Structure formats: C-alpha cells, structure tokens
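*Asks:* Contents of run-v8.cif (mmCIF, C-alpha atoms) are below:
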data_model
#
loop_
_atom_site.label_atom_id
_atom_site.label_comp_id
_atom_site.auth_asym_id
_atom_site.auth_seq_id
_atom_site.Cartn_x
_atom_site.Cartn_y
_atom_site.Cartn_z
CA MET A 1 -17.17 -19.45 105.52
CA ASP A 2 -13.43 -19.12 105.82
CA ASN A 3 -12.98 -21.69 103.09
CA VAL A 4 -15.14 -19.72 100.71
CA VAL A 5 -13.24 -16.54 101.35
CA THR A 6 -9.97 -18.35 100.92
CA LEU A 7 -11.16 -19.81 97.62
CA VAL A 8 -12.28 -16.42 96.31
CA VAL A 9 -8.98 -14.85 97.28
CA LEU A 10 -7.10 -17.68 95.59
CA VAL A 11 -9.11 -17.22 92.39
CA LEU A 12 -8.45 -13.49 92.40
CA VAL A 13 -4.74 -14.06 92.91
CA ILE A 14 -4.67 -16.49 89.98
CA LEU A 15 -6.53 -14.02 87.76
CA PHE A 16 -4.13 -11.26 88.77
CA VAL A 17 -1.12 -13.40 87.99
CA VAL A 18 -2.56 -14.35 84.60
CA THR A 19 -3.32 -10.71 83.82
CA VAL A 20 0.19 -9.69 84.80
CA ILE A 21 1.67 -12.39 82.64
CA ILE A 22 -0.47 -11.36 79.70
CA ARG A 23 0.49 -7.71 80.09
CA THR A 24 4.13 -8.58 80.53
CA ILE A 25 4.65 -10.83 77.51
CA ARG A 26 4.13 -9.32 73.97
CA ILE A 27 4.72 -11.30 70.75
CA VAL A 28 5.17 -9.01 67.71
CA PRO A 29 4.61 -10.52 64.20
CA GLN A 30 7.15 -10.11 61.38
CA ALA A 31 7.04 -6.80 59.41
CA THR A 32 5.13 -5.17 62.24
CA ALA A 33 6.23 -2.50 64.70
CA VAL A 34 4.56 -1.84 68.07
CA ILE A 35 4.70 1.60 69.66
CA VAL A 36 4.90 1.38 73.50
CA GLU A 37 4.13 4.26 75.83
CA ARG A 38 5.11 4.38 79.51
CA LEU A 39 2.88 6.47 81.67
CA GLY A 40 1.57 8.28 78.58
CA ARG A 41 4.90 9.04 76.97
CA TYR A 42 6.67 7.29 74.11
CA SER A 43 8.89 4.57 75.53
CA ARG A 44 10.14 2.37 72.75
CA THR A 45 9.28 0.51 69.54
CA LEU A 46 9.00 -3.24 69.83
CA GLU A 47 10.59 -5.32 67.08
CA ALA A 48 9.34 -8.62 65.73
CA GLY A 49 9.56 -11.49 68.23
CA LEU A 50 9.08 -11.93 71.98
CA ASN A 51 9.09 -8.73 74.04
CA PHE A 52 8.40 -7.96 77.73
CA LEU A 53 6.47 -5.02 79.12
CA VAL A 54 6.03 -3.60 82.57
CA PRO A 55 2.45 -4.42 83.48
CA PHE A 56 0.14 -1.53 84.28
CA ILE A 57 2.93 0.93 83.39
CA ASP A 58 3.71 0.21 79.69
CA LYS A 59 0.90 0.53 77.19
CA VAL A 60 0.74 -0.37 73.51
CA ARG A 61 -0.15 2.74 71.51
CA ALA A 62 -0.28 1.47 67.88
CA ASN A 63 0.64 -1.41 65.62
CA VAL A 64 2.33 -0.21 62.41
CA ASP A 65 2.47 -2.45 59.33
CA LEU A 66 5.93 -2.05 57.74
CA ARG A 67 5.05 -3.70 54.42
CA GLU A 68 4.62 -1.72 51.18
CA GLN A 69 1.00 -0.78 50.73
CA VAL A 70 -1.10 0.32 47.78
CA VAL A 71 -3.86 2.85 47.92
CA SER A 72 -6.06 3.98 45.01
CA PHE A 73 -7.70 7.38 45.15
CA PRO A 74 -10.99 8.21 43.37
CA PRO A 75 -10.94 10.32 40.17
CA GLN A 76 -10.08 13.95 40.73
CA PRO A 77 -11.07 16.78 38.34
CA VAL A 78 -7.99 18.69 37.21
CA ILE A 79 -7.80 21.71 34.89
CA THR A 80 -5.06 21.79 32.24
CA SER A 81 -3.29 24.86 30.93
CA ASP A 82 -5.67 25.00 27.92
CA ASN A 83 -8.68 25.15 30.28
CA LEU A 84 -9.90 21.59 29.85
CA VAL A 85 -11.18 19.58 32.80
CA VAL A 86 -9.83 16.04 32.93
CA SER A 87 -10.49 13.32 35.51
CA ILE A 88 -7.37 11.54 36.79
CA ASP A 89 -7.19 8.37 38.89
CA THR A 90 -3.97 7.90 40.88
CA VAL A 91 -2.42 4.91 42.58
CA ILE A 92 0.18 5.41 45.36
CA TYR A 93 2.69 2.78 46.51
CA TYR A 94 4.05 3.74 49.95
CA GLN A 95 5.87 2.10 52.91
CA PRO A 96 6.28 3.25 56.54
CA THR A 97 9.95 3.60 57.40
CA ASP A 98 9.67 5.24 60.85
CA PRO A 99 6.78 3.86 62.96
CA LYS A 100 7.22 6.55 65.63
CA SER A 101 6.89 9.42 63.10
CA ALA A 102 3.99 7.69 61.36
CA THR A 103 2.22 7.51 64.70
CA TYR A 104 2.97 10.89 66.28
CA GLU A 105 3.67 13.24 63.31
CA ILE A 106 0.30 12.84 61.57
CA ALA A 107 -3.03 11.57 62.75
CA ASN A 108 -3.94 9.71 59.51
CA TYR A 109 -1.08 9.45 57.03
CA ILE A 110 -3.25 7.77 54.36
CA GLN A 111 -5.64 10.72 54.24
CA GLY A 112 -2.65 13.07 54.28
CA ILE A 113 -1.10 11.30 51.29
CA GLU A 114 -4.41 11.51 49.41
CA GLN A 115 -4.85 15.24 49.90
CA LEU A 116 -1.20 15.91 49.13
CA THR A 117 -1.50 13.88 45.94
CA VAL A 118 -4.55 15.86 44.79
CA THR A 119 -2.94 19.25 45.36
CA THR A 120 0.36 18.22 43.80
CA LEU A 121 -1.43 16.70 40.81
CA ARG A 122 -3.33 19.93 40.18
CA ASN A 123 -0.13 21.95 40.31
CA VAL A 124 1.65 19.62 37.86
CA ILE A 125 -1.26 19.25 35.40
CA GLY A 126 -2.01 22.97 35.52
CA SER A 127 1.29 23.67 33.74
CA LEU A 128 0.59 21.18 30.93
CA ASP A 129 -1.91 21.16 28.09
CA LEU A 130 -4.10 18.20 27.19
CA GLU A 131 -1.70 16.78 24.60
CA GLN A 132 1.22 16.89 27.01
CA THR A 133 -0.90 15.42 29.79
CA LEU A 134 -1.84 12.43 27.65
CA THR A 135 1.70 11.81 26.41
CA SER A 136 3.79 12.69 29.48
CA ARG A 137 2.71 10.16 32.08
CA ASP A 138 6.25 9.26 33.07
CA GLN A 139 7.13 12.91 33.59
CA ILE A 140 4.01 13.50 35.70
CA ASN A 141 4.66 10.35 37.75
CA GLY A 142 8.21 11.46 38.46
CA GLN A 143 7.16 14.94 39.55
CA LEU A 144 4.40 13.58 41.81
CA ARG A 145 6.72 11.06 43.41
CA GLY A 146 9.38 13.71 44.11
CA VAL A 147 6.93 16.09 45.79
CA LEU A 148 5.14 13.38 47.79
CA ASP A 149 8.33 11.71 48.94
CA GLU A 150 9.71 15.03 50.18
CA ALA A 151 6.49 15.92 52.02
CA THR A 152 5.88 12.49 53.56
CA GLY A 153 9.48 12.02 54.63
CA ARG A 154 8.87 13.80 57.97
CA TRP A 155 5.85 11.53 58.52
CA GLY A 156 8.04 8.43 58.37
CA ILE A 157 6.48 7.41 55.04
CA ARG A 158 8.39 6.67 51.82
CA VAL A 159 6.49 6.96 48.55
CA ASN A 160 7.96 4.30 46.26
CA ARG A 161 5.85 4.85 43.17
CA VAL A 162 3.03 6.98 41.77
CA GLU A 163 0.94 5.89 38.79
CA LEU A 164 -1.77 7.69 36.84
CA LYS A 165 -4.31 4.93 36.36
CA ALA A 166 -6.62 6.82 34.00
CA ILE A 167 -6.81 10.22 32.33
CA ASP A 168 -10.29 10.91 31.01
CA PRO A 169 -10.78 14.10 28.95
CA PRO A 170 -14.31 15.51 28.35
CA ALA A 171 -16.66 13.60 26.08
CA SER A 172 -16.57 16.30 23.39
CA VAL A 173 -12.79 16.24 23.35
CA GLN A 174 -12.79 12.45 23.14
CA ASP A 175 -15.12 12.62 20.15
CA SER A 176 -12.85 15.16 18.43
CA MET A 177 -9.81 13.00 19.13
CA GLU A 178 -11.54 9.96 17.66
CA LYS A 179 -12.43 11.92 14.53
CA GLN A 180 -8.85 13.12 14.23
CA MET A 181 -7.50 9.59 14.58
CA ARG A 182 -10.03 8.35 12.03
CA ALA A 183 -8.98 11.10 9.61
CA GLU A 184 -5.31 10.22 10.10
CA ARG A 185 -5.99 6.55 9.42
CA ASP A 186 -8.07 7.40 6.34
CA LYS A 187 -5.23 9.61 5.13
CA ARG A 188 -2.67 6.83 5.57
CA ALA A 189 -5.00 4.38 3.83
CA ALA A 190 -5.48 6.80 0.90
CA ILE A 191 -1.71 7.31 0.64
CA LEU A 192 -1.09 3.57 0.62
CA THR A 193 -3.82 3.07 -1.98
CA ALA A 194 -2.34 5.82 -4.20
CA GLU A 195 1.14 4.35 -3.89
CA GLY A 196 -0.19 0.91 -4.78
CA PHE A 197 -2.05 2.32 -7.81
CA LYS A 198 1.10 4.20 -8.86
CA GLN A 199 3.19 1.06 -8.66
CA SER A 200 0.60 -0.91 -10.61
CA GLN A 201 0.50 1.78 -13.33
CA ILE A 202 4.30 1.79 -13.53
CA LEU A 203 4.39 -1.99 -13.83
CA THR A 204 1.61 -1.92 -16.43
CA ALA A 205 3.45 0.74 -18.46
CA GLU A 206 6.67 -1.27 -18.26
CA GLY A 207 4.81 -4.36 -19.45
CA GLU A 208 3.21 -2.47 -22.35
CA LYS A 209 6.59 -1.02 -23.26
CA GLN A 210 8.20 -4.43 -23.34
CA SER A 211 5.29 -5.90 -25.32
CA SER A 212 5.44 -2.99 -27.82
CA ILE A 213 9.17 -3.52 -28.26
CA LEU A 214 8.66 -7.23 -28.81
CA ARG A 215 5.81 -6.61 -31.28
CA ALA A 216 7.93 -4.07 -33.17
CA GLU A 217 10.82 -6.51 -33.32
CA GLY A 218 8.46 -9.24 -34.54
CA SER A 219 6.98 -6.93 -37.19
CA ALA A 220 10.45 -5.93 -38.35
CA GLN A 221 11.52 -9.56 -38.62
CA ALA A 222 8.30 -10.42 -40.46
CA ALA A 223 8.78 -7.51 -42.89
CA ILE A 224 12.37 -8.55 -43.53
CA LEU A 225 11.37 -12.16 -44.16
CA GLU A 226 8.46 -11.07 -46.40
CA SER A 227 10.70 -8.77 -48.45
CA GLN A 228 13.27 -11.53 -48.78
CA GLY A 229 10.53 -13.90 -49.94
CA GLN A 230 9.22 -11.37 -52.46
CA ALA A 231 12.74 -10.78 -53.75
CA LYS A 232 13.27 -14.51 -54.21
CA ALA A 233 9.89 -14.83 -55.95
CA ILE A 234 10.65 -11.95 -58.32
CA THR A 235 14.05 -13.44 -59.07
CA GLN A 236 12.55 -16.84 -59.82
CA VAL A 237 9.83 -15.31 -62.04
CA PHE A 238 12.39 -13.22 -63.91
CA ASP A 239 14.61 -16.28 -64.41
CA ALA A 240 11.64 -18.31 -65.63
CA ILE A 241 10.63 -15.59 -68.12
CA HIS A 242 14.22 -15.23 -69.28
CA ARG A 243 14.55 -18.98 -69.81
CA GLY A 244 11.18 -19.05 -71.66
CA ASP A 245 12.39 -16.40 -74.18
CA PRO A 246 8.89 -14.85 -74.88
CA ASP A 247 8.40 -13.03 -78.14
CA PRO A 248 6.74 -9.58 -78.46
CA LYS A 249 3.46 -11.11 -79.51
CA LEU A 250 3.10 -13.09 -76.28
CA LEU A 251 4.00 -10.01 -74.25
CA ALA A 252 1.40 -7.97 -76.14
CA TYR A 253 -1.21 -10.62 -75.43
CA GLN A 254 -0.42 -10.64 -71.72
CA TYR A 255 -0.50 -6.86 -71.66
CA LEU A 256 -3.97 -6.84 -73.19
CA GLN A 257 -5.18 -9.31 -70.58
CA THR A 258 -3.94 -7.00 -67.83
CA LEU A 259 -5.79 -3.92 -69.08
CA PRO A 260 -9.25 -5.01 -67.80
CA LYS A 261 -7.80 -5.48 -64.31
CA ILE A 262 -6.49 -1.91 -64.43
CA ALA A 263 -9.96 -0.61 -65.27
CA GLU A 264 -11.66 -2.56 -62.46
CA GLY A 265 -12.93 -0.73 -59.39
CA SER A 266 -15.19 2.28 -58.85
CA ALA A 267 -12.21 4.52 -58.01
CA ASN A 268 -10.52 4.03 -61.39
CA LYS A 269 -12.25 6.88 -63.24
CA VAL A 270 -9.21 7.94 -65.25
CA TRP A 271 -6.42 5.74 -66.59
CA ILE A 272 -3.72 6.52 -69.18
CA VAL A 273 -3.21 4.49 -72.36
CA PRO A 274 0.54 4.21 -73.00
CA SER A 275 2.00 4.93 -76.44
CA GLU A 276 3.43 1.41 -76.64
CA LEU A 277 -0.12 0.01 -76.87
CA ASN A 278 -0.43 0.81 -80.59
CA ASP A 279 2.81 -0.96 -81.42
CA ALA A 280 1.74 -3.93 -79.35
CA LEU A 281 -1.63 -4.08 -81.10
CA LYS A 282 0.05 -3.87 -84.50
CA GLY A 283 2.39 -6.72 -83.65
CA PHE A 284 -0.38 -8.74 -82.13
CA GLY A 285 -2.72 -8.09 -85.09
CA SER A 286 -0.14 -9.27 -87.62
CA MET A 287 -0.45 -12.75 -86.11
CA PHE A 288 -4.07 -13.01 -87.14
CA ASP A 289 -3.95 -11.40 -90.63
CA ALA A 290 -4.28 -14.86 -92.12
CA HIS A 291 -7.58 -15.31 -90.32
CA GLY A 292 -9.06 -12.15 -91.91
CA GLY A 293 -7.07 -12.05 -95.19
CA SER A 294 -3.40 -12.67 -95.92
CA SER A 295 -0.14 -12.59 -93.98
CA SER A 296 3.12 -11.07 -94.90
CA GLY A 297 5.73 -13.34 -96.42
CA SER A 298 8.26 -12.54 -93.80
CA ASP A 299 5.88 -13.72 -91.05
CA ARG A 300 5.24 -16.95 -92.88
CA ALA A 301 8.97 -17.39 -93.28
CA ARG A 302 9.68 -16.76 -89.59
CA ARG A 303 6.74 -18.86 -88.29
CA PRO A 304 8.21 -22.30 -89.21
CA GLU A 305 11.51 -21.27 -87.70
CA ARG A 306 9.84 -20.27 -84.39
CA GLU A 307 7.65 -23.38 -84.42
CA SER A 308 10.66 -25.57 -85.04
CA ALA A 309 12.76 -23.87 -82.39
CA PRO A 310 13.16 -25.97 -79.24
CA VAL A 311 11.28 -24.75 -76.19
CA PRO A 312 13.53 -24.50 -73.16
CA GLU A 313 12.48 -26.26 -70.00
CA THR A 314 11.46 -23.66 -67.47
CA GLY A 315 10.17 -25.90 -64.73
CA LEU A 316 6.80 -24.05 -64.90
CA ASP A 317 3.40 -25.59 -65.61
CA GLU A 318 2.07 -25.19 -69.16
CA VAL A 319 -0.21 -22.18 -69.56
CA VAL A 320 -3.54 -22.77 -71.37
CA LEU A 321 -4.48 -19.77 -73.59
CA GLU A 322 -7.95 -18.82 -74.79
CA ASP A 323 -8.99 -18.80 -78.47
CA PRO A 324 -6.85 -16.21 -80.38
CA GLY A 325 -9.78 -14.89 -82.42
CA GLU A 326 -11.95 -14.26 -79.40
CA ALA A 327 -9.03 -12.75 -77.52
CA LEU A 328 -8.31 -10.41 -80.46
CA LYS A 329 -11.92 -9.22 -80.64
CA ARG A 330 -12.12 -8.61 -76.92
CA ALA A 331 -8.74 -6.84 -76.92
CA ARG A 332 -9.76 -4.56 -79.80
CA ALA A 333 -13.01 -3.68 -78.09
CA GLU A 334 -11.27 -2.92 -74.80
CA ALA A 335 -8.59 -0.88 -76.61
CA ALA A 336 -11.24 1.15 -78.43
CA GLY A 337 -13.05 1.83 -75.15
CA ALA A 338 -9.79 2.82 -73.48
CA ALA A 339 -8.97 5.16 -76.38
CA ARG A 340 -12.37 6.84 -76.10
CA ASP A 341 -11.89 7.28 -72.33
CA ALA A 342 -8.45 8.71 -72.90
CA GLU A 343 -9.76 11.20 -75.49
CA GLY A 344 -12.52 12.27 -73.09
CA VAL A 345 -10.01 12.84 -70.30
CA THR A 346 -7.80 14.82 -72.69
CA ARG A 347 -10.71 17.09 -73.66
CA ASP A 348 -11.55 17.61 -69.96
CA LEU A 349 -7.98 18.55 -69.17
CA ARG A 350 -7.76 20.96 -72.12
CA GLY A 351 -11.05 22.53 -71.04
CA THR A 352 -9.57 23.27 -67.59
CA GLY A 353 -6.38 24.73 -69.13
CA MET A 354 -4.08 21.91 -68.05
CA ASP A 355 -1.54 20.30 -70.40
CA PRO A 356 -2.52 16.69 -70.91
CA GLY A 357 0.89 15.75 -72.24
CA PRO A 358 1.72 13.71 -75.32
CA GLN A 359 -0.77 11.07 -76.27
CA GLY A 360 0.19 7.68 -77.65
#
Represent the structure from my file as structure tokens, please.
*Replies:*
Amino acid sequence: MDNVVTLVVLVLVILFVVTVIIRTIRIVPQATAVIVERLGRYSRTLEAGLNFLVPFIDKVRANVDLREQVVSFPPQPVITSDNLVVSIDTVIYYQPTDPKSATYEIANYIQGIEQLTVTTLRNVIGSLDLEQTLTSRDQINGQLRGVLDEATGRWGIRVNRVELKAIDPPASVQDSMEKQMRAERDKRAAILTAEGFKQSQILTAEGEKQSSILRAEGSAQAAILESQGQAKAITQVFDAIHRGDPDPKLLAYQYLQTLPKIAEGSANKVWIVPSELNDALKGFGSMFDAHGGSSSGSDRARRPERESAPVPETGLDEVVLEDPGEALKRARAEAAGAARDAEGVTRDLRGTGMDPGPQG
C-alpha cells in the first residue's frame, strides 16, 4: 500500500514539474508578439525567440501577428453629390505597430477599421459627383488613407494603403454611359471617314488637274504640229502649181469641177455665183469653138506655141482629165442651174426689201 501511494505521489510530482516547465518556457515565432499579463495586469510583450514566464502568475493574453494584412470589405452603398447611389468595394492594407494598443485600446480592430472605412468613404464620396468619383480614385484613396491612419494610430494600427476595388453606378446610369461612349466613338469614326473622303477628293482633284494640264499641253502640241504640217502642204501645193504654170483655161475647168461640191448638202440652200464665172466660161468655151464651129485665128496661132512649150517637171503624178465635150456640157448645165438659183435668191431678197448687191 505504501508503494502505491509513493508511486502516485511520484507521478503527481513529475506532472507538476512538467506543467511548471511548460508554463515557464515560451517560444515566440518570428513576426509575432505575445502580450503577457501578471495577476491580471499587463506585464510585458514577448519578442520572437525563447522567453521565460513565472508559472501560475504570468498569463498569455493575446498573440498579435505583426505582418501586413489585407482585408476586403463587402460593397457599400454610397450617395454622391448628384444624388446617385453607387456601390463601392474597398480593400485595406494595414499592419499592427503596437501590440499592446491593438489588444487593449479596441476589442476588434478589424471591425473598427471596416466601420471607419464605410463612414469615411461616405463623407468623401458625398462631396463628389459621379464623374469625379469615377475619375478621382487616387484622390479618394489618399483621403481615405489619411483619415484611417489618423484614427487607427491610437489603436496601434498603421493603414498602409486603401484601394477602391470597384465602383458600380446604377444600371440606368451604366446604360446611359455606354450610349454616350458609343456616340463618341461613332462621332470619331464619322470624323475620320469625312477626313479620309476629303483627302481622297483633294487627291482626285489634283490628279484631274494634272491630267487636264497634260491633255491641254498635248492638244496644243498637236495643234501646232498640225498647223505646221498644213502650212508645209500649202507651200508645197503652191510651189507645184507655180512650177506647173497653169493657164486660165485649166483654172476655169478646175473651178467648174468645184462648183458641184459647193452645192452638195441639204444645208446649202443659197450660194452666190461670182462675177468671174462668166469670164471663166467665156475663156473655157473658146477652147471648144472648133468642136461646134470655128475658132479664132489668134487661138489657133497660140495653140501650137503652147503645145510646143516644154512642160516643167513638178514631181506630181499626171492628172487624167475627163472628155472636154462632156465636161463642157455638164459645166454649162450646172452654170445655168446656178444662175437660175441666184436669180431666185435675188428676187427673194428684193421682195423682203434687202439689197442683194451687184450680180455677176
């Protein structure tokens, strides 16, 4: 019986010693602070490493994590200065700097930071309209951080950063904003299209201008070359006629052949018979007096001389003439018709009171 009691006492002593050792030795991890109370009052803050406590007298009150922490708060409805309700999500980056104050100054510093953030956010957003709220995130973040850092300083908490994660305006406002952005983009697209069309029209006009200038220059050069060619042709024809030395009879014959061409065409209703036509017909008719009767002696005397005269070389091809008798008959008929037309025109002009002028 004594052995059993001794064994029980020995076991109890060993358990007591182990308990004392456990309560005496305290290992604190890195970036962690331990608040120790002695007989219910704050005693000290244990740093990282091996620490010793007084068993049954010292008591660990709280373990405080000294690392920077991130907490995200749910969306909060906030009213802007233009009476629009927007939902704002906030993210707070904070770090405990004084474990004692974080333990004794506030019961739950995370909940305190959340409520302080909501109230501060409503004060800041309430002085801004929707446009400023959407475009002034940096300004809002700075104001929130300043107010929170000042308020949480006595709690032993330092607010390092405040971010607005999302700002959601009402659905109707979002739809209006989308329409406005779509209208702005359509406007820019229309402006770009108009500028492109303007540039294309300018380039097209420049091209047409250059092409017109080139065509005009080509036409001018062509006209100059054509006039030069005509001048050379007229000069060559005149030289050929001058070298051929035609007599008045040949000229009269050619003139008679030209008269039908003058009368051609439906527009040639009136044409004037020149006074030289009678002289030409007289000279031309004297060539064929021998065919109808007799010729003058002077013509017979001049004919051998003209037939014996040498014909100059003109470089032109020999012209084949039609039968003189037939040509004379046709010329006389055409001349008589032309004379009748001329007399009819003269009577018409006199009937209207206009002076027809001298008639050949």
*Asks:* Which residues are near stretch 98-111 of chain A? Cut-off 12 Å, all atoms listed in the file, ignore same chain within fewer than 5 positions. Put them as a ChimeraX atom specification.
*Replies:* /A:31-37,41-47,60-67,69-73,92-93,116-118,148,151-159
*Asks:* At a cut-off of 9 Å, using all atoms listed in the file, what residues contact A:Asp82? Leave out same-chain residues fewer than 6 positions from it and give the result as a PyMOL selection string.
*Replies:* chain A and resi 126+128-130
*Asks:* Select, from A:Gly49, A:Gly218, A:Val11, A:Ile213, the residue with the minimum atom-to-atom distance to A:Pro29, counting all atoms listed in the file.
*Replies:*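 Of A:Gly49, A:Gly218, A:Val11, A:Ile213, the one nearest A:Pro29, counting all atoms listed in the file, is A:Gly49.
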*Asks:* Enumerate, as a PDB file with C-alpha atoms, keeping the file's coordinate frame, the residues matched when the PyMOL selection byres ((chain A and resi 136-147) around 8) is run on the file above.
*Replies:*
ATOM      1  CA  THR A 117      -1.500  13.880  45.940  1.00  0.00           C
ATOM      2  CA  THR A 120       0.360  18.220  43.800  1.00  0.00           C
ATOM      3  CA  LEU A 121      -1.430  16.700  40.810  1.00  0.00           C
ATOM      4  CA  VAL A 124       1.650  19.620  37.860  1.00  0.00           C
ATOM      5  CA  ILE A 125      -1.260  19.250  35.400  1.00  0.00           C
ATOM      6  CA  GLN A 132       1.220  16.890  27.010  1.00  0.00           C
ATOM      7  CA  THR A 133      -0.900  15.420  29.790  1.00  0.00           C
ATOM      8  CA  LEU A 134      -1.840  12.430  27.650  1.00  0.00           C
ATOM      9  CA  THR A 135       1.700  11.810  26.410  1.00  0.00           C
ATOM     10  CA  LEU A 148       5.140  13.380  47.790  1.00  0.00           C
ATOM     11  CA  ASP A 149       8.330  11.710  48.940  1.00  0.00           C
ATOM     12  CA  GLU A 150       9.710  15.030  50.180  1.00  0.00           C
ATOM     13  CA  ALA A 151       6.490  15.920  52.020  1.00  0.00           C
ATOM     14  CA  VAL A 159       6.490   6.960  48.550  1.00  0.00           C
ATOM     15  CA  ASN A 160       7.960   4.300  46.260  1.00  0.00           C
ATOM     16  CA  ARG A 161       5.850   4.850  43.170  1.00  0.00           C
ATOM     17  CA  VAL A 162       3.030   6.980  41.770  1.00  0.00           C
ATOM     18  CA  GLU A 163       0.940   5.890  38.790  1.00  0.00           C
ATOM     19  CA  LEU A 164      -1.770   7.690  36.840  1.00  0.00           C
TER      20      LEU A 164
END
*Asks:* Give me, please, the distance in Å between atom CA of A:Ile57 and atom CA of A:Thr24, quoted to one decimal.
*Replies:* 10.0 Å
*Asks:* Determine the residue set returned by the PyMOL selection byres ((chain A and resi 23) around 9) for the present structure, and present it as a list in words.
*Replies:*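 Checked against the file, the PyMOL selection byres ((chain A and resi 23) around 9) matches Val18, Thr19, Val20, Ile21, Ile22, Thr24, Ile25, Arg26, Phe52, Leu53, Val54, Pro55, Phe56, Asp58 and Lys59 of chain A.
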*Asks:* Please report the interatomic distance between atom CA of A:Leu203 and atom CA of A:Glu217 in Å with one decimal.
*Replies:* 21.0 Å
*Asks:* With the PyMOL selection byres ((chain A and resi 87) around 6) as the selection, what would be picked from this file? Answer as a PyMOL selection string, please.
*Replies:* chain A and resi 75-77+86+88+167-168
*Asks:* What does the distance between atom CA of A:Glu114 and atom CA of A:Thr97 come to in Å, to one decimal place?
*Replies:* 18.2 Å
*Asks:* A:Ala336, A:Ala171, A:Ile191, A:Leu50: which is nearest A:Val85, counting all atoms listed in the file?
*Replies:*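 Comparing A:Ala336, A:Ala171, A:Ile191, A:Leu50 against A:Val85, the winner is A:Ala171.
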